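Enquirer: Quick one: structure below, then a few questions.
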Amino acid sequence: MVTAGGLILASGCAIEPNGRVVFAPPVVVVPAPVVVAPEPVYVPDGYAWDGYEYVGVVGDQYFYLGPGNVWLLCEPFRLERFHGWERNHHDWREHAIRNDRFRTDRYGHAQPRRGEPEKRRDDRH
């Protein structure tokens, strides 16, 4: 509380230009909701063994087959090692293993091959 010229002003009080004291509700500013776009899911359609691990490419991103058989983005040291291997195996994409086995993304969801419709599972007989 503030005392001003014999008046006691409490929180939420305002003085109008004509000198009248009015009670105004506090203004609450609510921030806009944050919209988080889902992260893209990447599972390569083909991969190669570089002598250390399986590596595949989606667009211009390189992924390795990590623990639990999920595809993870290659860190710089893995990418550097793979590019070193790639220099001596420039045609590796022509001989890449078709990825039918390791279709799990990093969230544990099976992903269909790109360009192919997802097969529906029908348990009804």
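Residue numbering restarts at 1 in every chain; chains get A, B, ... in the order shown in the structure tokens, and ligands count up from 1 in that same order.
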Could you give me, as a short mmCIF file (atom, residue, chain, number, x, y, z; two decimals) with N, CA and C atoms, in the first residue's frame, the residues within 12 Å of region 50-56 of chain A, counting only C-alpha atoms and dropping anything in the same chain fewer than 4 positions from it?

Expert:
data_model
loop_
_atom_site.label_atom_id
_atom_site.label_comp_id
_atom_site.auth_asym_id
_atom_site.auth_seq_id
_atom_site.Cartn_x
_atom_site.Cartn_y
_atom_site.Cartn_z
N TYR A 42 14.04 -40.07 -39.46
CA TYR A 42 14.89 -40.54 -40.54
C TYR A 42 15.27 -41.99 -40.35
N VAL A 43 15.01 -42.78 -41.38
CA VAL A 43 15.45 -44.17 -41.43
C VAL A 43 15.93 -44.38 -42.87
N PRO A 44 17.21 -44.67 -43.06
CA PRO A 44 17.71 -44.84 -44.42
C PRO A 44 17.14 -46.10 -45.09
N ASP A 45 16.95 -46.01 -46.40
CA ASP A 45 16.45 -47.16 -47.16
C ASP A 45 17.57 -48.13 -47.52
N GLY A 46 18.80 -47.69 -47.38
CA GLY A 46 19.95 -48.55 -47.63
C GLY A 46 21.10 -48.15 -46.73
N ASP A 60 20.83 -35.40 -47.31
CA ASP A 60 22.25 -35.10 -47.11
C ASP A 60 22.68 -35.38 -45.67
N GLN A 61 21.86 -36.12 -44.92
CA GLN A 61 22.16 -36.45 -43.53
C GLN A 61 22.63 -37.90 -43.41
N TYR A 62 23.69 -38.12 -42.65
CA TYR A 62 24.25 -39.46 -42.44
C TYR A 62 23.83 -39.97 -41.07
N PHE A 63 23.44 -41.25 -41.04
CA PHE A 63 22.96 -41.88 -39.81
C PHE A 63 23.71 -43.19 -39.60
N TYR A 64 23.87 -43.58 -38.35
CA TYR A 64 24.47 -44.86 -38.03
C TYR A 64 23.47 -45.68 -37.22
N LEU A 65 23.63 -46.99 -37.29
CA LEU A 65 22.74 -47.89 -36.56
C LEU A 65 23.27 -48.00 -35.14
N GLY A 66 22.52 -47.42 -34.21
CA GLY A 66 22.97 -47.33 -32.83
C GLY A 66 22.41 -48.42 -31.95
N PRO A 67 22.58 -48.28 -30.64
CA PRO A 67 22.07 -49.26 -29.68
C PRO A 67 20.57 -49.45 -29.85
N ASN A 69 19.26 -51.00 -32.26
CA ASN A 69 18.99 -51.02 -33.71
C ASN A 69 18.12 -49.85 -34.16
N VAL A 70 18.43 -48.65 -33.65
CA VAL A 70 17.76 -47.44 -34.09
C VAL A 70 18.77 -46.54 -34.80
N TRP A 71 18.30 -45.77 -35.75
CA TRP A 71 19.16 -44.90 -36.54
C TRP A 71 19.35 -43.57 -35.85
N LEU A 72 20.61 -43.18 -35.67
CA LEU A 72 20.96 -41.94 -34.99
C LEU A 72 21.84 -41.09 -35.91
N LEU A 73 21.72 -39.79 -35.77
CA LEU A 73 22.51 -38.86 -36.58
C LEU A 73 23.99 -39.05 -36.28
N CYS A 74 24.80 -39.12 -37.33
CA CYS A 74 26.25 -39.29 -37.15
C CYS A 74 26.86 -38.03 -36.55
N GLU A 75 27.65 -38.22 -35.51
CA GLU A 75 28.42 -37.12 -34.95
C GLU A 75 29.57 -36.82 -35.91
N ARG A 78 32.19 -39.61 -36.41
CA ARG A 78 31.71 -40.76 -37.21
C ARG A 78 31.64 -40.39 -38.68
N LEU A 79 31.17 -39.19 -38.95
CA LEU A 79 31.05 -38.74 -40.33
C LEU A 79 32.42 -38.65 -40.99
N GLU A 80 33.39 -38.14 -40.27
CA GLU A 80 34.76 -38.05 -40.80
C GLU A 80 35.31 -39.44 -41.11
N ARG A 81 35.10 -40.38 -40.19
CA ARG A 81 35.57 -41.74 -40.40
C ARG A 81 34.87 -42.38 -41.61
N PHE A 82 33.55 -42.16 -41.73
CA PHE A 82 32.82 -42.73 -42.85
C PHE A 82 33.29 -42.13 -44.17
N HIS A 83 33.49 -40.82 -44.21
CA HIS A 83 33.96 -40.20 -45.45
C HIS A 83 35.34 -40.72 -45.83
N GLY A 84 36.19 -41.03 -44.84
CA GLY A 84 37.48 -41.65 -45.14
C GLY A 84 37.28 -43.01 -45.80
N TRP A 85 36.36 -43.80 -45.29
CA TRP A 85 36.05 -45.12 -45.88
C TRP A 85 35.43 -44.94 -47.26
N GLU A 86 34.58 -43.94 -47.37
CA GLU A 86 33.86 -43.68 -48.62
C GLU A 86 34.80 -43.32 -49.77
N ARG A 87 35.94 -42.68 -49.45
CA ARG A 87 36.90 -42.32 -50.50
C ARG A 87 37.41 -43.56 -51.24
N ASN A 88 37.52 -44.67 -50.54
CA ASN A 88 37.98 -45.91 -51.17
C ASN A 88 36.83 -46.81 -51.61
N HIS A 89 35.61 -46.40 -51.34
CA HIS A 89 34.42 -47.18 -51.72
C HIS A 89 33.39 -46.23 -52.32
N HIS A 90 33.80 -45.49 -53.34
CA HIS A 90 32.96 -44.45 -53.92
C HIS A 90 31.64 -44.96 -54.48
N TRP A 92 29.69 -47.24 -53.07
CA TRP A 92 29.02 -47.99 -52.01
C TRP A 92 27.50 -47.95 -52.12
N ARG A 93 26.96 -46.86 -52.64
CA ARG A 93 25.50 -46.76 -52.75
C ARG A 93 24.94 -47.79 -53.72
N ALA A 96 24.82 -50.94 -51.62
CA ALA A 96 24.26 -50.79 -50.27
C ALA A 96 23.25 -51.91 -50.00
N ILE A 97 23.16 -52.25 -48.73
CA ILE A 97 22.20 -53.26 -48.28
C ILE A 97 20.83 -52.59 -48.20
N ARG A 98 19.84 -53.21 -48.83
CA ARG A 98 18.47 -52.68 -48.76
C ARG A 98 17.99 -52.81 -47.32
N ASN A 99 17.51 -51.72 -46.77
CA ASN A 99 17.12 -51.72 -45.37
C ASN A 99 15.68 -52.22 -45.19
N PHE A 102 16.13 -53.00 -40.38
CA PHE A 102 16.30 -51.99 -39.33
C PHE A 102 15.45 -50.76 -39.67
N ARG A 103 14.15 -50.85 -39.50
CA ARG A 103 13.23 -49.78 -39.88
C ARG A 103 12.75 -48.97 -38.68
#

Enquirer: Between CA of Glu94 (chain A) and CA of Tyr107 (chain A), what distance in Å does the model show, to one decimal?

Expert: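 Distance between the two atoms: 28.9 Å.
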
Enquirer: Of the candidates A:Val35, A:Val30, A:Pro17, A:Val58, which shows the shortest atom-to-atom distance to Arg113 (chain A), using only C-alpha atoms?

Expert: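 Of all the options, A:Val58 lies closest to Arg113 (chain A).
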
Enquirer: Measure the distance from CA of Asp100 (chain A) to CA of Pro112 (chain A) in Å and round it to one decimal.

Expert: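 CA of Pro112 (chain A) lies at a distance of 9.1 Å from CA of Asp100 (chain A).
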
Enquirer: So, counting only C-alpha atoms, which residue among A:Val57, A:Phe77, A:Tyr47, A:Arg114 is closest to His95 (chain A)?

Expert: A:Tyr47
